[in-house]
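Novice: Supplied structure: input06.txt, compact mmCIF, C-alpha atoms.
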```
# COMPACT_ATOMS: atom_id res chain seq x y z
CA MET A 1 0.00 0.00 0.00
CA SER A 2 2.92 2.34 0.64
CA SER A 3 3.78 2.11 -3.05
CA THR A 4 0.45 3.79 -3.80
CA ALA A 5 1.54 6.87 -1.88
CA SER A 6 4.95 6.96 -3.54
CA THR A 7 3.73 7.53 -7.11
CA ILE A 8 2.62 10.80 -8.64
CA LEU A 9 0.03 8.86 -10.63
CA SER A 10 -1.98 8.47 -7.43
CA LEU A 11 -2.49 12.23 -7.40
CA VAL A 12 -3.39 12.20 -11.09
CA LEU A 13 -5.87 9.39 -10.43
CA PHE A 14 -7.39 11.35 -7.55
CA VAL A 15 -7.92 14.45 -9.65
CA THR A 16 -9.23 12.38 -12.57
CA TYR A 17 -11.93 10.71 -10.51
CA ILE A 18 -13.02 14.05 -9.11
CA GLY A 19 -13.75 14.84 -12.75
CA ILE A 20 -15.77 11.63 -13.04
CA GLY A 21 -17.83 12.09 -9.88
CA ALA A 22 -18.99 15.52 -11.04
CA PRO A 23 -20.67 14.44 -14.32
CA ALA A 24 -22.25 11.48 -12.51
CA HIS A 25 -23.97 14.02 -10.24
CA ASP A 26 -24.89 16.35 -13.08
CA THR A 27 -26.55 13.53 -15.02
CA HIS A 28 -28.63 12.60 -11.95
CA PHE A 29 -27.05 9.26 -11.12
CA SER A 30 -26.92 8.38 -7.44
CA LEU A 31 -23.70 8.42 -5.44
CA ALA A 32 -24.01 4.66 -4.87
CA TRP A 33 -24.27 4.15 -8.64
CA ALA A 34 -21.19 6.31 -9.24
CA LEU A 35 -19.17 4.35 -6.66
CA LEU A 36 -20.29 1.04 -8.14
CA GLY A 37 -19.30 2.27 -11.59
CA THR A 38 -15.84 3.23 -10.33
CA ALA A 39 -15.34 -0.15 -8.66
CA LEU A 40 -16.62 -2.29 -11.52
CA VAL A 41 -15.59 -0.35 -14.62
CA TRP A 42 -12.29 0.93 -13.20
CA ALA A 43 -11.24 2.91 -16.25
CA GLY A 44 -11.84 6.65 -16.43
CA PRO A 45 -12.64 6.98 -20.16
CA ALA A 46 -14.91 3.92 -20.07
CA GLN A 47 -16.77 5.34 -17.08
CA ILE A 48 -17.30 8.65 -18.89
CA ILE A 49 -18.66 6.69 -21.87
CA LEU A 50 -21.00 4.77 -19.56
CA ILE A 51 -22.31 7.96 -17.93
CA THR A 52 -22.78 9.90 -21.17
CA THR A 53 -24.41 7.06 -23.13
CA LEU A 54 -26.90 6.22 -20.38
CA ALA A 55 -27.63 9.92 -19.80
CA SER A 56 -28.33 10.40 -23.52
CA GLY A 57 -31.03 7.73 -23.43
CA ALA A 58 -29.10 4.77 -24.81
CA GLY A 59 -30.09 1.32 -23.61
CA ILE A 60 -28.07 -0.80 -21.21
CA LEU A 61 -26.95 -3.13 -24.01
CA GLN A 62 -25.77 -0.25 -26.19
CA SER A 63 -23.87 1.30 -23.29
CA ALA A 64 -22.31 -2.06 -22.40
CA ILE A 65 -21.10 -2.53 -25.98
CA ALA A 66 -19.61 0.98 -26.02
CA VAL A 67 -17.79 0.42 -22.71
CA THR A 68 -16.54 -3.00 -23.86
CA MET A 69 -15.16 -1.55 -27.08
CA SER A 70 -13.28 1.13 -25.13
CA ALA A 71 -11.92 -1.51 -22.74
CA ILE A 72 -10.32 -3.52 -25.56
CA ARG A 73 -7.38 -1.11 -25.36
CA LEU A 74 -6.58 -2.56 -21.92
CA PHE A 75 -6.29 -6.15 -23.15
CA PRO A 76 -2.63 -5.84 -24.27
CA MET A 77 -1.79 -4.39 -20.84
CA VAL A 78 -3.35 -7.38 -19.11
CA VAL A 79 -1.43 -9.72 -21.42
CA ALA A 80 1.79 -7.88 -20.54
CA VAL A 81 1.24 -7.77 -16.76
CA LEU A 82 -0.05 -11.26 -15.96
CA PRO A 83 3.10 -13.16 -17.03
CA MET A 84 5.06 -10.98 -14.62
CA MET A 85 2.89 -12.35 -11.79
CA ARG A 86 3.38 -16.05 -12.42
CA ALA A 87 5.50 -18.09 -10.05
CA ASP A 88 5.53 -21.72 -8.91
CA GLY A 89 2.12 -22.48 -7.45
CA THR A 90 0.34 -19.45 -8.93
CA LYS A 91 -3.26 -20.37 -9.80
CA ARG A 92 -5.45 -18.68 -12.36
CA ARG A 93 -7.83 -17.58 -9.62
CA HIS A 94 -4.97 -15.59 -8.08
CA LEU A 95 -4.81 -13.47 -11.24
CA VAL A 96 -8.50 -12.63 -11.66
CA LEU A 97 -8.45 -9.55 -9.42
CA ILE A 98 -5.16 -8.41 -10.95
CA ALA A 99 -6.71 -8.60 -14.42
CA HIS A 100 -9.55 -6.37 -13.17
CA PHE A 101 -7.17 -3.88 -11.57
CA THR A 102 -5.03 -3.64 -14.71
CA ALA A 103 -5.62 -0.24 -16.24
CA VAL A 104 -3.03 2.23 -17.45
CA THR A 105 -2.01 3.38 -13.95
CA LEU A 106 -1.33 -0.11 -12.63
CA TRP A 107 0.33 -1.17 -15.88
CA VAL A 108 2.80 1.72 -15.74
CA GLU A 109 3.59 1.18 -12.06
CA CYS A 110 4.04 -2.58 -12.46
CA TYR A 111 6.92 -1.95 -14.84
CA ARG A 112 8.45 0.40 -12.29
CA PHE A 113 7.94 -1.62 -9.10
CA LEU A 114 7.85 -5.31 -10.01
CA PRO A 115 11.53 -5.69 -10.95
CA LEU A 116 12.24 -4.82 -7.29
CA VAL A 117 9.72 -7.34 -5.88
CA PRO A 118 10.50 -11.08 -5.51
CA ARG A 119 8.34 -13.07 -7.93
CA LYS A 120 6.62 -15.06 -5.17
CA ARG A 121 5.42 -11.82 -3.54
CA ARG A 122 4.24 -10.06 -6.69
CA VAL A 123 0.62 -11.22 -6.57
CA ALA A 124 0.18 -9.90 -3.03
CA PHE A 125 2.05 -6.71 -3.93
CA VAL A 126 -0.17 -5.95 -6.93
CA HIS A 127 -3.29 -6.77 -4.91
CA GLY A 128 -2.21 -4.14 -2.38
CA LEU A 129 -1.30 -1.63 -5.09
CA GLY A 130 -4.59 -2.18 -6.92
CA CYS A 131 -6.68 -1.88 -3.76
CA GLY A 132 -4.85 1.31 -2.82
CA LEU A 133 -5.48 2.86 -6.24
CA LEU A 134 -9.12 1.77 -6.17
CA GLY A 135 -9.53 3.33 -2.72
CA ILE A 136 -8.17 6.62 -4.07
CA GLY A 137 -10.58 6.44 -7.01
CA LEU A 138 -13.58 5.80 -4.75
CA CYS A 139 -12.71 8.66 -2.39
CA ALA A 140 -12.21 11.04 -5.31
CA THR A 141 -15.51 9.97 -6.85
CA VAL A 142 -17.31 10.93 -3.63
CA ILE A 143 -15.52 14.28 -3.47
CA GLY A 144 -16.24 15.06 -7.12
CA TYR A 145 -19.87 14.08 -6.69
CA LEU A 146 -20.31 16.34 -3.67
CA LEU A 147 -18.43 19.25 -5.29
CA ALA A 148 -20.27 18.97 -8.60
CA ALA A 149 -22.18 22.20 -8.05
CA ASN A 150 -18.90 24.12 -7.86
CA LEU A 151 -17.14 22.51 -10.83
CA THR A 152 -17.65 24.01 -14.26
CA GLN A 153 -17.82 21.72 -17.30
CA THR A 154 -14.62 23.27 -18.67
CA PHE A 155 -12.72 22.59 -15.45
CA ALA A 156 -14.00 19.00 -15.28
CA SER A 157 -12.86 18.43 -18.87
CA ALA A 158 -9.45 19.94 -18.12
CA ILE A 159 -9.07 17.56 -15.16
CA LEU A 160 -9.58 14.57 -17.43
CA LEU A 161 -6.80 15.88 -19.70
CA LEU A 162 -4.29 15.36 -16.89
CA THR A 163 -4.60 11.59 -17.18
CA PRO A 164 -3.21 11.05 -20.71
CA LEU A 165 -0.50 13.64 -20.10
CA ALA A 166 0.64 11.94 -16.91
CA PHE A 167 0.62 8.52 -18.57
CA LEU A 168 2.63 9.88 -21.50
CA PHE A 169 5.34 11.26 -19.21
CA SER A 170 5.35 8.11 -17.07
CA THR A 171 5.71 5.89 -20.13
CA ALA A 172 8.57 8.06 -21.37
CA ARG A 173 10.28 7.76 -17.98
CA ASN A 174 9.95 3.97 -18.00
CA SER A 175 11.22 3.57 -21.58
CA ARG A 176 14.67 2.03 -21.24
CA GLU A 177 15.02 -0.02 -24.42
CA LEU A 178 15.49 1.49 -27.88
CA ALA A 179 12.31 -0.26 -29.03
CA ASP A 180 10.31 1.44 -26.25
CA VAL A 181 11.64 4.89 -27.11
CA LEU A 182 11.17 4.32 -30.84
CA ALA A 183 7.57 3.16 -30.41
CA LEU A 184 6.75 6.18 -28.24
CA VAL A 185 8.36 8.75 -30.54
CA LEU A 186 6.93 7.25 -33.73
CA GLY A 187 3.49 7.02 -32.15
CA LEU A 188 3.57 10.75 -31.38
CA LEU A 189 4.75 11.53 -34.90
CA PHE A 190 2.26 9.24 -36.65
CA TYR A 191 -0.80 10.44 -34.74
CA PRO A 192 -1.25 13.78 -36.59
CA LEU A 193 -0.97 11.92 -39.90
CA ALA A 194 -3.40 9.21 -38.83
CA SER A 195 -5.92 11.82 -37.68
CA LEU A 196 -6.08 13.12 -41.26
CA LEU A 197 -7.76 9.86 -42.26
CA ASN A 198 -10.89 10.84 -40.27
CA SER A 199 -11.47 7.15 -39.57
CA GLY A 200 -12.00 7.39 -35.81
CA LEU A 201 -9.16 4.89 -35.44
CA ASP A 202 -6.30 7.39 -35.41
CA ILE A 203 -4.85 6.26 -32.05
CA LEU A 204 -5.09 2.60 -33.06
CA VAL A 205 -3.51 3.18 -36.48
CA SER A 206 -0.64 5.30 -35.13
CA GLY A 207 -0.04 2.92 -32.21
CA VAL A 208 -0.01 -0.26 -34.28
CA GLY A 209 2.15 1.32 -36.97
CA ALA A 210 4.70 2.72 -34.51
CA SER A 211 4.93 -0.45 -32.43
CA THR A 212 5.28 -2.65 -35.53
CA ILE A 213 8.22 -0.60 -36.76
CA ALA A 214 9.78 -0.64 -33.29
CA VAL A 215 9.52 -4.44 -33.07
CA LEU A 216 11.02 -4.88 -36.55
CA VAL A 217 13.94 -2.58 -35.65
CA HIS A 218 14.46 -4.52 -32.41
CA LYS A 219 14.57 -7.86 -34.25
CA TRP A 220 16.91 -6.44 -36.87
CA ARG A 221 19.35 -5.24 -34.20
CA GLU A 222 19.31 -8.70 -32.54
CA GLN A 223 20.37 -10.46 -35.73
```
Render the structure in this file as structure tokens.
Specialist:
Amino acid sequence: MSSTASTILSLVLFVTYIGIGAPAHDTHFSLAWALLGTALVWAGPAQIILITTLASGAGILQSAIAVTMSAIRLFPMVVAVLPMMRADGTKRRHLVLIAHFTAVTLWVECYRFLPLVPRKRRVAFVHGLGCGLLGIGLCATVIGYLLAANLTQTFASAILLLTPLAFLFSTARNSRELADVLALVLGLLFYPLASLLNSGLDILVSGVGASTIAVLVHKWREQ
């Protein structure tokens, strides 16, 4: 749990979920509903999608499909984190809660902390880290919900902008291999070009293109 307090991303997460509690209040969802959404969805953008789609009159099935589509981006992170947890005697049931906790914050911090944690203690460590981050998110949701009357829409939107910026800087800090740096730089360079396609898949196109080139360069250097 102490690792939760030692990362700047905890502060970013706190501010982000203030920005999620506020629109939940403004769209007339109950505080209990907002807290349940934070605990079960556990992804800021997906929770915003859930709130806005339901508030606009969309059905539960439509909202669920929209949230699921946004959550697909987290699948590669889960695939990357879970092998780092496995040790002798690790059961699949030990990894279920970790898979739920795995969002961008936990994914970034796992790469920073886990090399320092013995493999046999990693499951317990990530459980503590995930519970600590979830606790921060729940507290911030309550605060944002109660302060909704004093938060303008512009300020709430600006709060949500902190999240991708913090993750970008954290990813850059944790990039130690040439392939990591190359993928990050090329992704930033490709995004403006991909956005010109007006396909709605600009992040996916730029990310896949940049990472593919980075992997090919990495394999070429290993030959």
Novice: I'd like the contact shell of A:Val217 - 12 Å cut-off, all atoms listed in the file, skipping same-chain residues fewer than 5 positions apart - returned as a PyMOL selection string.
Specialist: chain A and resi 177-183+210-212+222-223
Novice: I'd like the contact shell of A:Met85 - 8 Å cut-off, all atoms listed in the file, skipping same-chain residues fewer than 3 positions apart - returned as a VMD selection string.
Specialist: chain A and resid 81 to 82 95 119 122 to 123
Novice: Mind pulling up the distance from atom CA of A:Gly37 to atom CA of A:Phe75?
Specialist: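 Pair atom CA of A:Phe75 / atom CA of A:Gly37 returns 19.3 Å.
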Novice: Sorted by chain and rising residue number, list the residues of stretch 22-59 of chain A at most 12 Å from stretch 105-108 of chain A (counting only C-alpha atoms), each with its closest atom pair and distance in Å to one decimal, as JSON lines.
Specialist:
```
{"residue": "A:Trp42", "atom": "CA", "partner": "A:Thr105", "partner_atom": "CA", "distance": 10.6}
{"residue": "A:Ala43", "atom": "CA", "partner": "A:Thr105", "partner_atom": "CA", "distance": 9.5}
{"residue": "A:Gly44", "atom": "CA", "partner": "A:Thr105", "partner_atom": "CA", "distance": 10.7}
```
Novice: Pick from A:Ala103, A:Val78, A:Arg112, A:Ile65: nearest to A:Leu50, with all atoms listed in the file counted?
Specialist: A:Ile65
Novice: Expressed in Å to a single decimal, how great is the separation between atom CA of A:Ala99 and atom CA of A:Leu184?
Specialist: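 Separating atom CA of A:Ala99 from atom CA of A:Leu184 is a distance of 24.3 Å.
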Novice: Quick one: residues within 7 Å of A:Gly132, only C-alpha atoms counted, chain neighbours fewer than 3 positions away excluded, as a list in words?
Specialist: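 Answer for this query is Met1, Thr4, Gly128, Leu129, Gly135 and Ile136 of chain A.
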Novice: Between A:His25, A:Gly89, A:Phe101, A:Ser63, which has the minimum distance to A:Gly137 (counting only C-alpha atoms)?
Specialist: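 Using only C-alpha atoms, the shortest distance to A:Gly137 belongs to A:Phe101.
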Novice: Could you tell me how far atom CA of A:Cys139 sits from atom CA of A:Ala80, in Å to one decimal place?
Specialist: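 Here the two named atoms are 28.5 Å from each other.
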Novice: With distances taken over only C-alpha atoms, which residue among A:Pro76, A:Pro83, A:Pro115, A:Gly19 lies nearest A:Ala140?
Specialist: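 When distances to A:Ala140 are compared using only C-alpha atoms, the smallest one comes from A:Gly19.
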Novice: Tell me, as a ChimeraX atom specification, which residues lie within 9 Å of stretch 67-72 of chain A, counting all atoms listed in the file; anything in the same chain fewer than 6 positions away does not count.
Specialist: /A:41,43,45-47,49-50
Novice: Of the candidates A:Pro118, A:Pro164, A:Gly57, A:Gly144, which one gets nearest to A:Val104 if we count only C-alpha atoms?
Specialist: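 For A:Val104, the nearest of the candidates is A:Pro164.
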Novice: Identify which of the residues A:His28, A:Leu40, A:His100, A:Leu193 lies closest to A:Leu74, counting all atoms listed in the file when measuring atom-to-atom distances.
Specialist: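 Among the listed residues, A:His100 lies closest to A:Leu74.
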Novice: I'd like to know which of A:Thr7, A:Val215, A:Phe14, A:Phe190 is closest to A:Ile203, using all atoms listed in the file.
Specialist: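 Nearest to A:Ile203: A:Phe190.
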